[in-house]
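Novice: This is the content of my_file00.cif (mmCIF, C-alpha atoms and all ligand atoms):
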data_input
#
loop_
_atom_site.label_atom_id
_atom_site.label_comp_id
_atom_site.auth_asym_id
_atom_site.auth_seq_id
_atom_site.Cartn_x
_atom_site.Cartn_y
_atom_site.Cartn_z
CA MET A 1064 2.63 19.13 -23.07
CA PRO A 1065 4.67 15.92 -22.61
CA PRO A 1066 3.10 13.35 -20.26
CA LEU A 1067 3.77 13.65 -16.53
CA VAL A 1068 6.16 11.03 -15.16
CA LEU A 1069 5.39 10.22 -11.53
CA ARG A 1070 6.90 7.78 -9.11
CA PHE A 1071 6.14 5.93 -5.93
CA ALA A 1072 9.35 5.08 -4.06
CA PRO A 1073 8.83 2.93 -0.97
CA SER A 1074 11.55 1.28 1.13
CA PRO A 1075 11.01 -2.45 1.76
CA ASN A 1076 11.81 -2.24 5.47
CA GLY A 1077 8.28 -2.88 6.72
CA TYR A 1078 4.72 -3.28 5.46
CA LEU A 1079 3.03 -0.41 3.64
CA HIS A 1080 0.51 1.49 5.77
CA LEU A 1081 -2.27 3.99 5.13
CA GLY A 1082 0.23 6.83 4.62
CA HIS A 1083 1.86 4.91 1.78
CA ALA A 1084 -1.58 4.13 0.35
CA LEU A 1085 -2.39 7.85 0.23
CA SER A 1086 0.88 8.66 -1.51
CA ALA A 1087 0.67 5.81 -4.01
CA LEU A 1088 -3.00 6.58 -4.80
CA ILE A 1089 -2.38 10.32 -5.29
CA ASN A 1090 0.43 9.48 -7.74
CA PHE A 1091 -1.62 6.84 -9.52
CA ASP A 1092 -4.71 9.04 -9.82
CA MET A 1093 -2.63 11.95 -11.10
CA ALA A 1094 -1.00 9.75 -13.76
CA ARG A 1095 -4.35 8.36 -14.84
CA ARG A 1096 -6.11 11.74 -14.89
CA THR A 1097 -3.42 13.42 -16.97
CA GLY A 1098 -2.50 10.53 -19.26
CA GLY A 1099 0.87 10.36 -17.51
CA ARG A 1100 3.13 7.50 -16.45
CA LEU A 1101 3.71 5.99 -13.01
CA VAL A 1102 6.97 4.23 -12.21
CA LEU A 1103 7.81 2.30 -9.09
CA ARG A 1104 11.16 2.45 -7.34
CA ILE A 1105 12.23 0.16 -4.54
CA GLU A 1106 14.51 2.13 -2.21
CA ASP A 1107 16.49 -0.76 -0.79
CA ILE A 1108 19.93 0.75 -0.23
CA ASP A 1109 19.87 -0.12 3.47
CA THR A 1110 20.51 -3.81 3.02
CA THR A 1111 20.47 -4.43 6.78
CA ARG A 1112 16.83 -3.31 7.16
CA CYS A 1113 15.29 -4.20 3.78
CA ARG A 1114 13.84 -7.67 3.30
CA PRO A 1115 12.59 -9.53 0.17
CA GLU A 1116 9.29 -10.38 1.85
CA TYR A 1117 8.57 -6.68 2.36
CA GLU A 1118 9.34 -6.00 -1.29
CA GLU A 1119 6.97 -8.79 -2.35
CA ALA A 1120 4.33 -7.34 -0.02
CA ILE A 1121 4.70 -3.90 -1.70
CA TYR A 1122 3.78 -5.40 -5.09
CA GLN A 1123 0.84 -7.30 -3.58
CA ASP A 1124 -0.51 -4.36 -1.59
CA LEU A 1125 -0.27 -1.93 -4.51
CA ALA A 1126 -1.94 -4.39 -6.89
CA TRP A 1127 -4.70 -4.96 -4.32
CA LEU A 1128 -5.29 -1.19 -4.17
CA GLY A 1129 -5.80 -1.27 -7.94
CA ILE A 1130 -2.56 0.55 -8.72
CA ALA A 1131 -0.72 -0.27 -11.95
CA TRP A 1132 2.88 0.76 -12.62
CA GLU A 1133 5.35 0.50 -15.45
CA GLU A 1134 7.90 -2.29 -15.63
CA PRO A 1135 10.77 -2.63 -15.05
CA VAL A 1136 10.74 -1.58 -11.43
CA ARG A 1137 13.97 0.20 -10.47
CA ARG A 1138 15.61 -1.40 -7.44
CA GLN A 1139 18.27 0.86 -6.01
CA SER A 1140 20.45 -2.01 -4.77
CA LYS A 1141 21.07 -2.93 -8.43
CA HIS A 1142 22.34 0.52 -9.40
CA PHE A 1143 25.14 1.34 -6.99
CA ASP A 1144 27.38 2.29 -9.94
CA ASP A 1145 25.08 5.19 -10.81
CA TYR A 1146 25.46 6.61 -7.31
CA ARG A 1147 29.22 6.04 -7.34
CA ALA A 1148 29.45 8.03 -10.57
CA ALA A 1149 27.58 10.95 -8.99
CA LEU A 1150 29.85 10.82 -5.94
CA ALA A 1151 32.93 10.75 -8.16
CA ARG A 1152 31.75 13.93 -9.83
CA LEU A 1153 31.20 15.69 -6.51
CA GLU A 1154 34.61 14.51 -5.41
CA ARG A 1155 36.22 15.85 -8.60
CA ASP A 1156 34.58 19.17 -7.86
CA GLY A 1157 36.07 19.17 -4.35
CA LEU A 1158 32.67 19.11 -2.67
CA ILE A 1159 32.87 16.00 -0.51
CA TYR A 1160 35.21 14.88 2.22
CA PRO A 1161 35.56 11.84 4.47
CA SER A 1162 34.91 12.15 8.20
CA PHE A 1163 36.15 9.47 10.55
CA GLU A 1164 34.41 10.05 13.90
CA SER A 1165 32.30 7.18 15.23
CA ARG A 1166 28.67 7.82 16.19
CA ALA A 1167 29.71 7.87 19.86
CA GLU A 1168 32.46 10.43 19.18
CA ILE A 1169 29.99 12.62 17.29
CA ALA A 1170 27.50 12.36 20.16
CA ALA A 1171 30.22 13.43 22.64
CA LEU A 1172 31.22 16.41 20.46
CA VAL A 1173 27.57 17.48 20.18
CA ALA A 1174 27.07 17.14 23.94
CA ALA A 1175 30.14 19.32 24.54
CA ARG A 1176 28.88 21.98 22.11
CA GLU A 1177 25.45 21.87 23.73
CA ARG A 1178 27.00 22.43 27.13
CA GLN A 1179 28.87 25.41 25.72
CA GLY A 1180 25.68 27.16 24.70
CA GLY A 1181 23.79 25.07 22.17
CA TRP A 1182 24.24 23.35 18.87
CA PRO A 1183 21.87 23.44 15.86
CA ARG A 1184 19.72 20.52 14.78
CA ASP A 1185 18.52 19.69 11.29
CA PRO A 1186 14.83 19.79 10.29
CA ASP A 1187 14.50 16.11 11.32
CA GLY A 1188 15.85 16.93 14.78
CA ALA A 1189 19.34 15.41 14.41
CA PRO A 1190 22.35 17.52 15.43
CA LEU A 1191 24.41 18.94 12.57
CA TYR A 1192 27.85 17.40 12.04
CA PRO A 1193 30.09 19.01 14.68
CA GLY A 1194 33.45 17.63 13.57
CA GLY A 1195 36.29 19.28 11.76
CA ALA A 1196 37.12 16.64 9.14
CA ALA A 1197 36.70 19.13 6.26
CA ALA A 1198 40.02 20.62 7.38
CA LEU A 1199 42.05 17.37 7.13
CA SER A 1200 44.71 17.48 4.43
CA ALA A 1201 44.31 15.42 1.28
CA ALA A 1202 47.26 13.26 2.33
CA GLU A 1203 45.76 12.61 5.77
CA ARG A 1204 42.38 11.68 4.26
CA LYS A 1205 44.01 9.29 1.86
CA ARG A 1206 46.13 7.71 4.56
CA ARG A 1207 43.19 7.14 6.90
CA MET A 1208 40.94 5.81 4.15
CA GLU A 1209 43.63 3.36 3.12
CA THR A 1210 44.01 1.96 6.64
CA GLY A 1211 40.49 0.57 6.34
CA GLU A 1212 39.07 2.89 9.01
CA PRO A 1213 35.28 3.39 8.67
CA TYR A 1214 34.32 6.77 7.22
CA ALA A 1215 31.33 8.81 6.05
CA LEU A 1216 31.54 10.90 2.87
CA ARG A 1217 29.99 14.27 3.60
CA LEU A 1218 28.92 17.14 1.42
CA ASP A 1219 30.90 20.29 2.15
CA MET A 1220 27.74 22.35 2.54
CA LYS A 1221 29.42 25.76 2.59
CA ALA A 1222 31.36 25.06 -0.59
CA ALA A 1223 28.30 23.55 -2.27
CA ILE A 1224 26.11 26.54 -1.47
CA ALA A 1225 28.84 28.94 -2.59
CA ARG A 1226 28.98 27.15 -5.93
CA CYS A 1227 25.21 27.16 -6.59
CA GLY A 1228 23.95 30.37 -5.03
CA PRO A 1229 20.33 30.65 -3.90
CA LEU A 1230 18.01 27.84 -5.03
CA SER A 1231 14.28 27.26 -4.82
CA TRP A 1232 11.68 24.82 -6.04
CA THR A 1233 8.09 24.91 -7.22
CA ASP A 1234 5.67 23.16 -4.90
CA THR A 1235 1.97 22.85 -4.36
CA VAL A 1236 2.41 22.05 -0.67
CA SER A 1237 -0.49 24.27 0.35
CA ASN A 1238 -2.38 23.55 -2.89
CA ALA A 1239 -1.61 26.86 -4.60
CA THR A 1240 1.63 26.76 -6.58
CA GLU A 1241 4.42 28.47 -4.70
CA VAL A 1242 8.14 28.94 -5.04
CA ILE A 1243 9.87 27.72 -1.90
CA PRO A 1244 13.40 28.93 -1.13
CA ALA A 1245 15.78 26.05 -0.48
CA ASP A 1246 17.66 26.13 2.82
CA PRO A 1247 20.21 23.31 2.54
CA ALA A 1248 22.46 24.92 5.18
CA ALA A 1249 19.88 23.81 7.77
CA TRP A 1250 21.14 20.24 7.21
CA GLY A 1251 24.85 20.89 7.69
CA ASP A 1252 27.41 18.58 6.07
CA VAL A 1253 25.05 15.71 5.22
CA VAL A 1254 26.34 12.19 4.70
CA LEU A 1255 26.17 11.12 1.04
CA ALA A 1256 27.78 7.68 1.42
CA ARG A 1257 29.71 5.57 3.88
CA LYS A 1258 32.64 3.20 3.53
CA ASP A 1259 30.29 0.22 3.21
CA THR A 1260 27.16 2.01 1.91
CA PRO A 1261 27.64 3.47 -1.57
CA THR A 1262 24.91 6.08 -1.26
CA SER A 1263 22.59 7.88 1.11
CA TYR A 1264 18.88 8.40 0.54
CA HIS A 1265 19.49 12.02 -0.56
CA LEU A 1266 21.97 11.13 -3.28
CA ALA A 1267 20.10 8.07 -4.59
CA VAL A 1268 16.79 9.90 -4.79
CA VAL A 1269 18.09 12.75 -6.96
CA VAL A 1270 20.10 10.46 -9.22
CA ASP A 1271 17.11 8.16 -9.70
CA ASP A 1272 14.54 10.89 -10.19
CA ALA A 1273 16.73 12.18 -13.03
CA LEU A 1274 17.48 8.76 -14.54
CA GLN A 1275 13.80 7.81 -14.45
CA GLY A 1276 12.82 11.13 -16.06
CA ILE A 1277 10.53 12.09 -13.17
CA THR A 1278 8.74 15.35 -13.97
CA HIS A 1279 6.67 15.57 -10.75
CA VAL A 1280 7.83 14.36 -7.35
CA VAL A 1281 4.67 13.72 -5.33
CA ARG A 1282 5.37 12.59 -1.76
CA GLY A 1283 4.47 13.27 1.86
CA ARG A 1284 5.05 16.53 3.65
CA ASP A 1285 7.51 14.80 5.98
CA LEU A 1286 10.02 15.10 3.11
CA LEU A 1287 9.41 18.80 2.44
CA HIS A 1288 12.63 20.00 4.08
CA ALA A 1289 14.73 17.23 2.52
CA THR A 1290 13.91 18.87 -0.82
CA SER A 1291 16.39 21.63 0.05
CA VAL A 1292 19.21 19.07 -0.08
CA HIS A 1293 17.74 17.48 -3.20
CA ARG A 1294 17.63 20.80 -5.06
CA LEU A 1295 21.23 21.48 -4.11
CA LEU A 1296 22.39 18.07 -5.34
CA GLN A 1297 20.43 18.51 -8.57
CA ALA A 1298 22.15 21.84 -9.15
CA LEU A 1299 25.60 20.42 -8.35
CA LEU A 1300 25.09 17.44 -10.65
CA ASP A 1301 23.37 19.38 -13.46
CA LEU A 1302 20.21 17.32 -13.13
CA PRO A 1303 16.78 18.56 -14.19
CA GLU A 1304 14.53 20.15 -11.59
CA PRO A 1305 11.21 18.34 -11.10
CA ILE A 1306 8.07 20.04 -9.85
CA TYR A 1307 7.18 18.99 -6.31
CA HIS A 1308 3.95 18.31 -4.52
CA HIS A 1309 4.30 17.50 -0.82
CA HIS A 1310 0.92 16.17 0.16
CA ARG A 1311 -0.77 15.97 3.57
CA LEU A 1312 0.09 13.05 5.84
CA VAL A 1313 -2.20 10.44 7.32
CA LEU A 1314 -1.96 10.87 11.08
CA ASP A 1315 -2.82 8.51 13.90
CA GLY A 1316 -5.38 9.25 16.61
CA ASP A 1317 -2.76 11.25 18.53
CA GLY A 1318 -1.88 13.41 15.52
CA ARG A 1319 1.40 11.61 14.88
CA LYS A 1320 2.81 10.38 11.58
CA LEU A 1321 2.12 6.67 10.99
CA SER A 1322 4.96 4.26 11.54
CA LYS A 1323 5.83 0.98 9.87
CA SER A 1324 6.16 -0.59 13.29
CA THR A 1325 2.48 -0.24 14.22
CA ASN A 1326 0.67 -3.04 12.54
CA ALA A 1327 -2.84 -1.57 12.96
CA THR A 1328 -2.58 0.66 9.91
CA ALA A 1329 -0.67 -1.82 7.71
CA LEU A 1330 -2.56 -2.40 4.48
CA ARG A 1331 -2.33 -6.17 4.82
CA ALA A 1332 -3.77 -6.10 8.33
CA LEU A 1333 -6.66 -3.93 7.11
CA ARG A 1334 -7.23 -6.25 4.17
CA GLN A 1335 -7.27 -9.28 6.47
CA SER A 1336 -9.82 -7.60 8.69
CA GLY A 1337 -12.14 -7.19 5.70
CA GLU A 1338 -11.51 -3.66 4.43
CA THR A 1339 -11.74 -3.20 0.66
CA PRO A 1340 -9.65 -0.94 -1.60
CA THR A 1341 -12.64 1.44 -1.71
CA ASP A 1342 -12.65 1.54 2.11
CA ILE A 1343 -8.94 2.43 2.04
CA ARG A 1344 -9.59 5.34 -0.34
CA ARG A 1345 -12.31 6.56 2.02
CA ILE A 1346 -10.18 6.13 5.16
CA VAL A 1347 -7.32 8.18 3.67
CA GLY A 1348 -9.75 10.88 2.57
CA LEU A 1349 -9.66 10.38 -1.19
CA GLU A 1350 -13.39 9.68 -1.71
N1 LIG B 1 11.78 5.93 0.24
C1 LIG B 1 11.18 7.02 0.93
C2 LIG B 1 10.21 6.51 1.97
O1 LIG B 1 9.80 5.37 1.89
C3 LIG B 1 10.45 7.98 0.01
C4 LIG B 1 11.37 8.70 -0.87
C5 LIG B 1 10.76 9.82 -1.69
O2 LIG B 1 9.57 9.78 -2.02
O3 LIG B 1 11.52 10.69 -2.08
O4 LIG B 1 9.85 7.26 2.85
#
Now, as a test, write the supplied structure out as structure tokens.

Specialist:
Amino acid sequence: MPPLVLRFAPSPNGYLHLGHALSALINFDMARRTGGRLVLRIEDIDTTRCRPEYEEAIYQDLAWLGIAWEEPVRRQSKHFDDYRAALARLERDGLIYPSFESRAEIAALVAARERQGGWPRDPDGAPLYPGGAAALSAAERKRRMETGEPYALRLDMKAAIARCGPLSWTDTVSNATEVIPADPAAWGDVVLARKDTPTSYHLAVVVDDALQGITHVVRGRDLLHATSVHRLLQALLDLPEPIYHHHRLVLDGDGRKLSKSTNATALRALRQSGETPTDIRRIVGLE
């Protein structure tokens, strides 16, 4: 069997915390145990929130934990052309369209729909896109894009699902291997890029997993539902299908997911207060 290729893919928009440590250590241990490879990807597409000092801290914190990764590290901000190429293909296939509503206009449309009897939300709790931009004519789209108006490029979910048919993925989310049916419709017409942002998380992650030859995507359960969109994009772009493992999360004392904004669980704070890498493994339940 060819070696497993695993990845850890943090965003440098804050310091790594215990949840990241669990994810990075599970990936690292799995690579070591199976004679596989571990690559590191810096997910820094959101240039307004990502900072070089957080990226530097990622390298330091991972090295402190005893994690080794292959060089070169892939930094998404250096590969916008790869995402543009994927978008161009979806556009050629007639699967994306620009929408022009501002966030405030979208919020008003959602509020109106909610008053009329409810409006669905995606698995992360955000309302689905309520606008009608998919119906704009090609000429109208072109005209508005050329005026310099801000826009979001959205996946035409109905058309995308019609093209691919039912999809699923293999996951070990509850430890036994299971086949999970994908439900991308639950996300509505997701944004894949914006006028000034060449890619969304969803698009970049599938393009990069394929380009980096990732065989096993091992990440937290908070991303379980996003996999429905990822499987759909893989199918639309003819990309290979990795095996998934969505692992348990590290929760705070109130049972909530850890956040980058609470310093108490940041690896550097724990290190400064005298914890060792072995302590971290114990705290996240790996020893
Ligand atoms: N960059 C994402 C995060 O930091 C993880 C992406 C993934 O593992 O697919 O939450």

Novice: Neighbours of range 1294-1310 of chain A within 6 Å (only C-alpha atoms; same-chain residues fewer than 5 positions away dropped), as a PyMOL selection string?

Specialist: chain A and resi 1233-1236+1278-1284

Novice: With all atoms listed in the file as the basis for distance, which of A:Glu1154, A:Glu1116, A:Glu1177, A:Glu1212 is at the shortest distance from Ser1074 in chain A?

Specialist: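 Going through A:Glu1154, A:Glu1116, A:Glu1177, A:Glu1212 one by one, the smallest distance to Ser1074 in chain A is for A:Glu1116.
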
Novice: Would you pick out the contacts of His1083 in chain A at 9 Å or less, using only C-alpha atoms, so that residues sharing its chain but fewer than 4 positions from it are not included, and give the list as a ChimeraX atom specification?

Specialist: /A:1071,1073,1079,1087-1088,1283,1313,1330

Novice: If you keep C-alpha atoms, can you produce a file of those selected residues as a JSON list (two decimals), in the coordinates of the input?

Specialist:
[["chain", "number", "residue", "atom", "x", "y", "z"],
["A", 1071, "PHE", "CA", 6.14, 5.93, -5.93],
["A", 1073, "PRO", "CA", 8.83, 2.93, -0.97],
["A", 1079, "LEU", "CA", 3.03, -0.41, 3.64],
["A", 1087, "ALA", "CA", 0.67, 5.81, -4.01],
["A", 1088, "LEU", "CA", -3.00, 6.58, -4.80],
["A", 1283, "GLY", "CA", 4.47, 13.27, 1.86],
["A", 1313, "VAL", "CA", -2.20, 10.44, 7.32],
["A", 1330, "LEU", "CA", -2.56, -2.40, 4.48]]

Novice: Return as lines of an AutoDock Vina configuration file the box centre and box size in Å, one decimal, for an axis-aligned box around all listed atoms of range 1267-1280 of chain A padded by 4 Å per side.

Specialist:
center_x = 13.4
center_y = 11.7
center_z = -10.3
size_x = 21.4
size_y = 15.8
size_z = 19.5

Novice: Looking at all atoms listed in the file, which of A:Leu1286, A:Ala1201, A:Met1220, A:Ala1245 is the one that sits closest to ligand LIG 1 (chain B)?

Specialist: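 Going through A:Leu1286, A:Ala1201, A:Met1220, A:Ala1245 one by one, the smallest distance to ligand LIG 1 (chain B) is for A:Leu1286.
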
Novice: Give me the residues within 12 Å of Gln1275 in chain A as a list in words, counting all atoms listed in the file and dropping any in the same chain fewer than 4 places off.

Specialist: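 The neighbour list is Leu1067, Val1068, Leu1069, Arg1070, Phe1071, Ala1072, Arg1100, Leu1101, Val1102, Leu1103, Arg1104, Glu1133, Glu1134, Pro1135, Val1136, Arg1137, Arg1138, Gln1139, Ala1267, Val1268, Val1269, Val1270, Asp1271, His1279, Val1280, Leu1302, Pro1303 and Pro1305 of chain A.
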
Novice: List the neighbours of Ala1329 in chain A out to 8 Å using only C-alpha atoms; skip same-chain residues closer than 2 positions along the sequence, and give me the result as a list in words.

Specialist: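 Contacts, with the query itself left out: Tyr1078, Leu1079, His1080, Leu1081, Lys1323, Thr1325, Asn1326, Ala1327, Arg1331, Ala1332 and Leu1333 of chain A.
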
Novice: Could you work out how far CA of Gly1129 in chain A lies from CA of Ile1346 in chain A, giving the answer in Å with one decimal?

Specialist: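 Spanning CA of Ile1346 in chain A to CA of Gly1129 in chain A is a straight-line distance of 15.7 Å.
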
Novice: What's the separation between CA of Phe1143 in chain A and CA of Leu1218 in chain A, in Å to one decimal place?

Specialist: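 Spanning CA of Phe1143 in chain A to CA of Leu1218 in chain A is a straight-line distance of 18.3 Å.
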
Novice: Please provide the set of residues having any atom within 12 Å of Asp1187 in chain A, restricted to only C-alpha atoms, with same-chain residues fewer than 3 positions apart removed, written as a compact mmCIF listing (two decimals) with C-alpha atoms, in the frame of the given file.

Specialist:
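The new file part_13.txt reads:
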# COMPACT_ATOMS: atom_id res chain seq x y z
CA PRO A 1183 21.87 23.44 15.86
CA ARG A 1184 19.72 20.52 14.78
CA PRO A 1190 22.35 17.52 15.43
CA LEU A 1191 24.41 18.94 12.57
CA ALA A 1249 19.88 23.81 7.77
CA TRP A 1250 21.14 20.24 7.21
CA GLY A 1251 24.85 20.89 7.69
CA ASP A 1285 7.51 14.80 5.98
CA LEU A 1286 10.02 15.10 3.11
CA LEU A 1287 9.41 18.80 2.44
CA HIS A 1288 12.63 20.00 4.08
CA ALA A 1289 14.73 17.23 2.52

Novice: Figure out the distance between CA of Leu1085 in chain A and CA of Asp1317 in chain A, please, to one decimal in Å.

Specialist: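 CA of Leu1085 in chain A lies 18.6 Å from CA of Asp1317 in chain A.
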
Novice: Which is closest to Pro1244 in chain A among A:Ser1200, A:Thr1210, A:Thr1290, A:Ser1322, if we use all atoms listed in the file?

Specialist: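 Ranked by minimum distance to Pro1244 in chain A, first place goes to A:Thr1290.
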